[in-house]
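As structure tokens, the structure follows; a few thoughts come after it.
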2 protein chains.
Amino acid sequence: MPVNKQWLLVSRPKGQVSPDNFRLVESPVPDLGPGEVLVRNHYMSLDPYMRGRMDEGKSYAAPQPLDAVMQGGTVGEIVASNNPGFVIGDKVVGPMGWQLYGKSDGVNLRKVDTRQVPLQAYLGAVGMPGVTAWVGLNMIIAPKAGETVVVSAAAGAVGSVAGQLARRRGARVVGIAGGAAKCRWLVDELGFDAAIDYRAEDVGAALDRHCPNGIDVNFENVGGATMDAVIARMNTFGRVALCGMISTYNHSGPVSGPADFARVLMRRITIRGFIVIDFLPRAREALAELTPLVAGGELKWKAHVVDGLENAADALGLLFTGAHDGKLMVRISPEP
Amino acid sequence: MPVNKQWLLVSRPKGQVSPDNFRLVESPVPDLGPGEVLVRNHYMSLDPYMRGRMDEGKSYAAPQPLDAVMQGGTVGEIVASNNPGFVIGDKVVGPMGWQLYGKSDGVNLRKVDTRQVPLQAYLGAVGMPGVTAWVGLNMIIAPKAGETVVVSAAAGAVGSVAGQLARRRGARVVGIAGGAAKCRWLVDELGFDAAIDYRAEDVGAALDRHCPNGIDVNFENVGGATMDAVIARMNTFGRVALCGMISTYNHSGPVSGPADFARVLMRRITIRGFIVIDFLPRAREALAELTPLVAGGELKWKAHVVDGLENAADALGLLFTGAHDGKLMVRISPEP
């Protein structure tokens, strides 16, 4: 009889999240009731939003409960079914969390076709991060041809899609990322007009060089000094889609706004915070656009796969150091 | 032969503006060329935006030149005319600046009717401040019935109109102003639902008391700690019309953004800086709505009149201490 393995959140981080905040436990594989299915997860997603959920009441959603299985997106396959909508072997995306097996009544599961798009991509470019990028681009900032768009965390799961979509709209796209390899990937593979390595260059000076006409649009994933450097160079009527501020998520104190806030007034800048869950009715439309682009190789993506559920708590830290390269996920069980 | 009197900006303030930055000079009344008119100004407007113009390149418009007549809005009457569009005695609004006499080709002058709306109001509720309030309300934040709107500098020329327009849309309106008399005026005369005296109360605690359902909309004129207290209490999908930050205009250093910027993301808040000049094509529509309301006494306003052009440089300081009560203006010459 197989055994389930689950990661629980056992304490709330003070500032920096640590593997000590989690505990790996074994438990029986759940019994299925009428209409339920059992999923064996192949990959679980690690995403920046998870850090906010670990705090009491700080995030937009209810906090992750203590001593409960860590919530999160997964892809896996049906291994038992009492539900006529699913048969054994179906591949599904869902919120099964940090565990080997999860059960569901099927409502929160989406069957996916892995013949043209690999399973991993459903956690990235054709999953929640891809939809986030699509929403930010289309619903929040809507860059026009010829505008200069700066994307931070540009090699990340969201930023890489956002930048490619902006390029497809004819914008000039400059990415900010950590490391020469990521920057090369952005320019050589993804077609960004330029990339700035924040580890090696002064971001402000590099923005001056790569954005000679200033910055019209900012898809912001990082916050802090990176965001300050971008906003300080924004043109009149500039728009900021505030999607994330990963540089600040492990701070315990308040996070103050743009260092030159007077510019927001003088340049008539719009800053809009957004969260993908507010746009879920548009997800189908987003995926209808993203899926063929990914299948056809026009929209490129990369996964950074950490092997083994037992390494999930350690792997989470990669998000905040930027040591990962591509959409961060953990392989829980091998794909058949 | 009458003599013109003019205030020149002779030095750029470092931080706090001072009367020493200006010089009052006498000069000949200008001769008129073909098509030109001579205006004797009755009132000149003192407005917060003037402070930004005194700095080199900090504002949205070209800086006020040194050793030139201070620019600014005026109301006055035609005293000589070579222009068939104007006759002696016509009352006009225009940008004649800080001087007794100004000449114009008429293009930047608007004839006004003082039979139902007094001349002073054309510098306030039916002038640039009124249009600013109308634009912010209608184009930027569009409060809905039942929403809670907080207006800072609520007894000011812009804030008082913004708050009354929000009330007319059925919103719950809370004003922040300095002093018990201003607060009483807001509630008793203008119909605000509540007013907070920032000199006497903790603004945050008072907001908690007067906004039990949080804050949906902020018409922001003050910036700094006042804005921080408002944004810290904003509801999901809150909107901020960033119209001014008068608390910061005399600072020489950078002005940082909201102290709790993480809330902008978590609560999906939109902050939009705006300037009335970007919406000038809508001014006619705004004035068409505001003028009958002012004429009919439904939209209330107040002028704080400082007597004598020679006192203009001193009077400017009132804007930043909040010691004025109503739209601040200087009487340059008596209305006939």
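Ordering of the structure tokens sets the chain letters (A, B, ...), residue numbers begin anew at 1 in every chain, and ligands are numbered from 1 in the order given.
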
**Item:** Contact residues (chain B, partner chain A, 6 Å, only C-alpha atoms) as a count of residues only
**Value:** 21

**Request:** Find the spatial neighbours of B:Cys211, counting only C-alpha atoms, within a cut-off of 12 Å - ignore same-chain residues fewer than 2 positions away - and output them as a PyMOL selection string.
**Result:** chain B and resi 146-150+171-175+193-196+203-209+213-217+230+233-235

Could those selected residues go to a file with N, CA and C atoms, as a PDB file, in the first residue's frame?
ATOM      1  N   GLY B 146     -22.279  55.056  -2.404  1.00  0.00           N
ATOM      2  CA  GLY B 146     -22.008  54.131  -1.319  1.00  0.00           C
ATOM      3  C   GLY B 146     -20.539  53.904  -1.033  1.00  0.00           C
ATOM      4  N   GLU B 147     -19.672  54.293  -1.958  1.00  0.00           N
ATOM      5  CA  GLU B 147     -18.238  54.151  -1.690  1.00  0.00           C
ATOM      6  C   GLU B 147     -17.781  55.218  -0.689  1.00  0.00           C
ATOM      7  N   THR B 148     -16.703  54.891   0.014  1.00  0.00           N
ATOM      8  CA  THR B 148     -16.125  55.848   0.947  1.00  0.00           C
ATOM      9  C   THR B 148     -14.959  56.564   0.263  1.00  0.00           C
ATOM     10  N   VAL B 149     -15.074  57.889   0.205  1.00  0.00           N
ATOM     11  CA  VAL B 149     -14.071  58.729  -0.446  1.00  0.00           C
ATOM     12  C   VAL B 149     -13.402  59.597   0.617  1.00  0.00           C
ATOM     13  N   VAL B 150     -12.083  59.604   0.647  1.00  0.00           N
ATOM     14  CA  VAL B 150     -11.358  60.505   1.536  1.00  0.00           C
ATOM     15  C   VAL B 150     -10.665  61.569   0.696  1.00  0.00           C
ATOM     16  N   ALA B 171     -21.519  59.218  -2.770  1.00  0.00           N
ATOM     17  CA  ALA B 171     -20.460  58.596  -1.984  1.00  0.00           C
ATOM     18  C   ALA B 171     -20.508  59.121  -0.548  1.00  0.00           C
ATOM     19  N   ARG B 172     -19.932  58.347   0.353  1.00  0.00           N
ATOM     20  CA  ARG B 172     -19.683  58.809   1.723  1.00  0.00           C
ATOM     21  C   ARG B 172     -18.346  59.547   1.683  1.00  0.00           C
ATOM     22  N   VAL B 173     -18.330  60.813   2.095  1.00  0.00           N
ATOM     23  CA  VAL B 173     -17.140  61.640   1.914  1.00  0.00           C
ATOM     24  C   VAL B 173     -16.593  62.092   3.262  1.00  0.00           C
ATOM     25  N   VAL B 174     -15.317  61.793   3.472  1.00  0.00           N
ATOM     26  CA  VAL B 174     -14.612  62.204   4.678  1.00  0.00           C
ATOM     27  C   VAL B 174     -13.491  63.137   4.258  1.00  0.00           C
ATOM     28  N   GLY B 175     -13.465  64.322   4.844  1.00  0.00           N
ATOM     29  CA  GLY B 175     -12.437  65.297   4.523  1.00  0.00           C
ATOM     30  C   GLY B 175     -11.381  65.376   5.600  1.00  0.00           C
ATOM     31  N   ASP B 193     -19.668  63.964   5.080  1.00  0.00           N
ATOM     32  CA  ASP B 193     -20.167  63.063   6.120  1.00  0.00           C
ATOM     33  C   ASP B 193     -19.355  63.179   7.399  1.00  0.00           C
ATOM     34  N   ALA B 194     -18.098  63.508   7.265  1.00  0.00           N
ATOM     35  CA  ALA B 194     -17.248  63.692   8.443  1.00  0.00           C
ATOM     36  C   ALA B 194     -16.031  64.490   8.011  1.00  0.00           C
ATOM     37  N   ALA B 195     -15.385  65.123   8.981  1.00  0.00           N
ATOM     38  CA  ALA B 195     -14.141  65.838   8.708  1.00  0.00           C
ATOM     39  C   ALA B 195     -13.169  65.567   9.841  1.00  0.00           C
ATOM     40  N   ILE B 196     -11.914  65.478   9.476  1.00  0.00           N
ATOM     41  CA  ILE B 196     -10.845  65.156  10.429  1.00  0.00           C
ATOM     42  C   ILE B 196      -9.898  66.345  10.503  1.00  0.00           C
ATOM     43  N   VAL B 203      -4.712  61.236  12.572  1.00  0.00           N
ATOM     44  CA  VAL B 203      -5.479  61.027  11.337  1.00  0.00           C
ATOM     45  C   VAL B 203      -5.856  59.559  11.160  1.00  0.00           C
ATOM     46  N   GLY B 204      -4.925  58.666  11.465  1.00  0.00           N
ATOM     47  CA  GLY B 204      -5.205  57.243  11.298  1.00  0.00           C
ATOM     48  C   GLY B 204      -6.363  56.788  12.179  1.00  0.00           C
ATOM     49  N   ALA B 205      -6.312  57.168  13.441  1.00  0.00           N
ATOM     50  CA  ALA B 205      -7.384  56.763  14.361  1.00  0.00           C
ATOM     51  C   ALA B 205      -8.713  57.359  13.922  1.00  0.00           C
ATOM     52  N   ALA B 206      -8.672  58.606  13.473  1.00  0.00           N
ATOM     53  CA  ALA B 206      -9.917  59.249  13.035  1.00  0.00           C
ATOM     54  C   ALA B 206     -10.455  58.591  11.770  1.00  0.00           C
ATOM     55  N   LEU B 207      -9.569  58.198  10.873  1.00  0.00           N
ATOM     56  CA  LEU B 207     -10.023  57.483   9.671  1.00  0.00           C
ATOM     57  C   LEU B 207     -10.675  56.160  10.064  1.00  0.00           C
ATOM     58  N   ASP B 208     -10.071  55.465  11.013  1.00  0.00           N
ATOM     59  CA  ASP B 208     -10.671  54.206  11.473  1.00  0.00           C
ATOM     60  C   ASP B 208     -12.095  54.444  11.984  1.00  0.00           C
ATOM     61  N   ARG B 209     -12.274  55.557  12.677  1.00  0.00           N
ATOM     62  CA  ARG B 209     -13.585  55.855  13.273  1.00  0.00           C
ATOM     63  C   ARG B 209     -14.600  56.244  12.190  1.00  0.00           C
ATOM     64  N   ASN B 213     -15.917  50.952   7.081  1.00  0.00           N
ATOM     65  CA  ASN B 213     -15.809  49.951   6.013  1.00  0.00           C
ATOM     66  C   ASN B 213     -14.565  50.159   5.157  1.00  0.00           C
ATOM     67  N   GLY B 214     -13.569  50.845   5.682  1.00  0.00           N
ATOM     68  CA  GLY B 214     -12.365  51.097   4.906  1.00  0.00           C
ATOM     69  C   GLY B 214     -12.577  52.235   3.915  1.00  0.00           C
ATOM     70  N   ILE B 215     -11.564  52.449   3.086  1.00  0.00           N
ATOM     71  CA  ILE B 215     -11.566  53.573   2.146  1.00  0.00           C
ATOM     72  C   ILE B 215     -11.499  53.014   0.728  1.00  0.00           C
ATOM     73  N   ASP B 216     -12.404  53.442  -0.112  1.00  0.00           N
ATOM     74  CA  ASP B 216     -12.419  52.963  -1.495  1.00  0.00           C
ATOM     75  C   ASP B 216     -11.676  53.893  -2.440  1.00  0.00           C
ATOM     76  N   VAL B 217     -11.750  55.181  -2.141  1.00  0.00           N
ATOM     77  CA  VAL B 217     -11.254  56.184  -3.082  1.00  0.00           C
ATOM     78  C   VAL B 217     -10.560  57.294  -2.303  1.00  0.00           C
ATOM     79  N   VAL B 230      -4.083  57.241   4.751  1.00  0.00           N
ATOM     80  CA  VAL B 230      -5.226  56.882   3.905  1.00  0.00           C
ATOM     81  C   VAL B 230      -4.952  55.560   3.179  1.00  0.00           C
ATOM     82  N   ARG B 233      -5.351  52.239   4.786  1.00  0.00           N
ATOM     83  CA  ARG B 233      -6.728  51.800   5.093  1.00  0.00           C
ATOM     84  C   ARG B 233      -7.553  51.572   3.835  1.00  0.00           C
ATOM     85  N   MET B 234      -6.867  51.504   2.693  1.00  0.00           N
ATOM     86  CA  MET B 234      -7.638  51.362   1.460  1.00  0.00           C
ATOM     87  C   MET B 234      -8.106  49.937   1.248  1.00  0.00           C
ATOM     88  N   ASN B 235      -9.297  49.836   0.712  1.00  0.00           N
ATOM     89  CA  ASN B 235      -9.894  48.546   0.398  1.00  0.00           C
ATOM     90  C   ASN B 235      -9.324  47.981  -0.900  1.00  0.00           C
TER      91      ASN B 235
END

**Asked** If you run DSSP on this backbone, which residues of stretch 18-207 of chain A come out as strand (DSSP E or B), and could you give them as a ChimeraX atom specification?
**Response** /A:22-28,37-45,68-69,74-81,91-94,99,101-104,110-111,148-152,172-177,194-197

**Message:** Give me the residues near B:Trp134 as a list in words, where near means some atom within 8 Å (using only C-alpha atoms) and where sequence neighbours in that chain fewer than 5 positions away do not count.
**Reply:**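 Contacts, with the query itself left out: Met139, Val161, Ala162, Leu165 and Ala286 of chain B.
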
Resulting file, chosen residues, C-alpha atoms, as an mmCIF file, in the first residue's frame:
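Result written to selection.cif:
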data_model
loop_
_atom_site.group_PDB
_atom_site.id
_atom_site.type_symbol
_atom_site.label_atom_id
_atom_site.label_comp_id
_atom_site.auth_asym_id
_atom_site.auth_seq_id
_atom_site.Cartn_x
_atom_site.Cartn_y
_atom_site.Cartn_z
ATOM 1 C CA MET B 139 -11.822 60.973 -15.221
ATOM 2 C CA VAL B 161 -15.138 70.950 -4.893
ATOM 3 C CA ALA B 162 -13.957 67.343 -5.180
ATOM 4 C CA LEU B 165 -18.946 66.416 -6.295
ATOM 5 C CA ALA B 286 -16.610 70.664 -16.511
#

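Of all the residues in stretch 237-313 of chain B, the ones DSSP labels as alpha helix (DSSP H) from the backbone are Ala262, Arg263, Val264, Leu265, Met266, Ala283, Arg284, Glu285, Ala286, Leu287, Ala288, Glu289, Leu290, Thr291, Pro292, Leu293, Val294, Ala295, Ala312 and Ala313 of chain B.
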
**Message:** So that I can check the surroundings of B:Asn108, please list as a PyMOL selection string every protein, DNA and RNA residue that reaches within 8 Å of it, counting only C-alpha atoms and ignoring chain neighbours fewer than 4 positions away.
**Reply:** chain B and resi 94-95+104

**Message:** Just checking: using only C-alpha atoms, which residue out of A:Met50, A:Leu32, A:Ala154, A:Ala68 ends up closest to A:Ser11?
**Reply:**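 Smallest distance to A:Ser11 is found for A:Ala68.
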
**10 Å contact set for B:His251, only C-alpha atoms, chain neighbours under 6 positions out, as number ranges by chain** = B: 14-17

Once you have the residues from the selection above, write them out as a PDB file, in the first residue's frame, restricted to N, CA and C atoms.
ATOM      1  N   LYS B  14      15.642  77.338  -2.308  1.00  0.00           N
ATOM      2  CA  LYS B  14      16.219  76.047  -1.901  1.00  0.00           C
ATOM      3  C   LYS B  14      15.335  75.536  -0.773  1.00  0.00           C
ATOM      4  N   GLY B  15      14.507  74.557  -1.059  1.00  0.00           N
ATOM      5  CA  GLY B  15      13.549  74.119  -0.037  1.00  0.00           C
ATOM      6  C   GLY B  15      12.446  75.146   0.102  1.00  0.00           C
ATOM      7  N   GLN B  16      12.294  75.654   1.310  1.00  0.00           N
ATOM      8  CA  GLN B  16      11.214  76.587   1.629  1.00  0.00           C
ATOM      9  C   GLN B  16      11.273  77.845   0.749  1.00  0.00           C
ATOM     10  N   VAL B  17      10.134  78.177   0.120  1.00  0.00           N
ATOM     11  CA  VAL B  17      10.070  79.427  -0.642  1.00  0.00           C
ATOM     12  C   VAL B  17       9.957  80.593   0.341  1.00  0.00           C
TER      13      VAL B  17
END

**Item:** Nearest to B:Ser27, chosen from B:Ala225, B:Leu123, B:Val3, B:Leu46, with only C-alpha atoms counted in the distances
**Value:**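 Among B:Ala225, B:Leu123, B:Val3, B:Leu46, it is B:Val3 that comes nearest to B:Ser27.
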
**Request:** Quick one: pull the distance between atom CA of B:Thr291 and atom CA of B:Val112, Å, one decimal.
**Result:**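 Taking atom CA of B:Thr291 as the start and atom CA of B:Val112 as the end point, the length is 10.8 Å.
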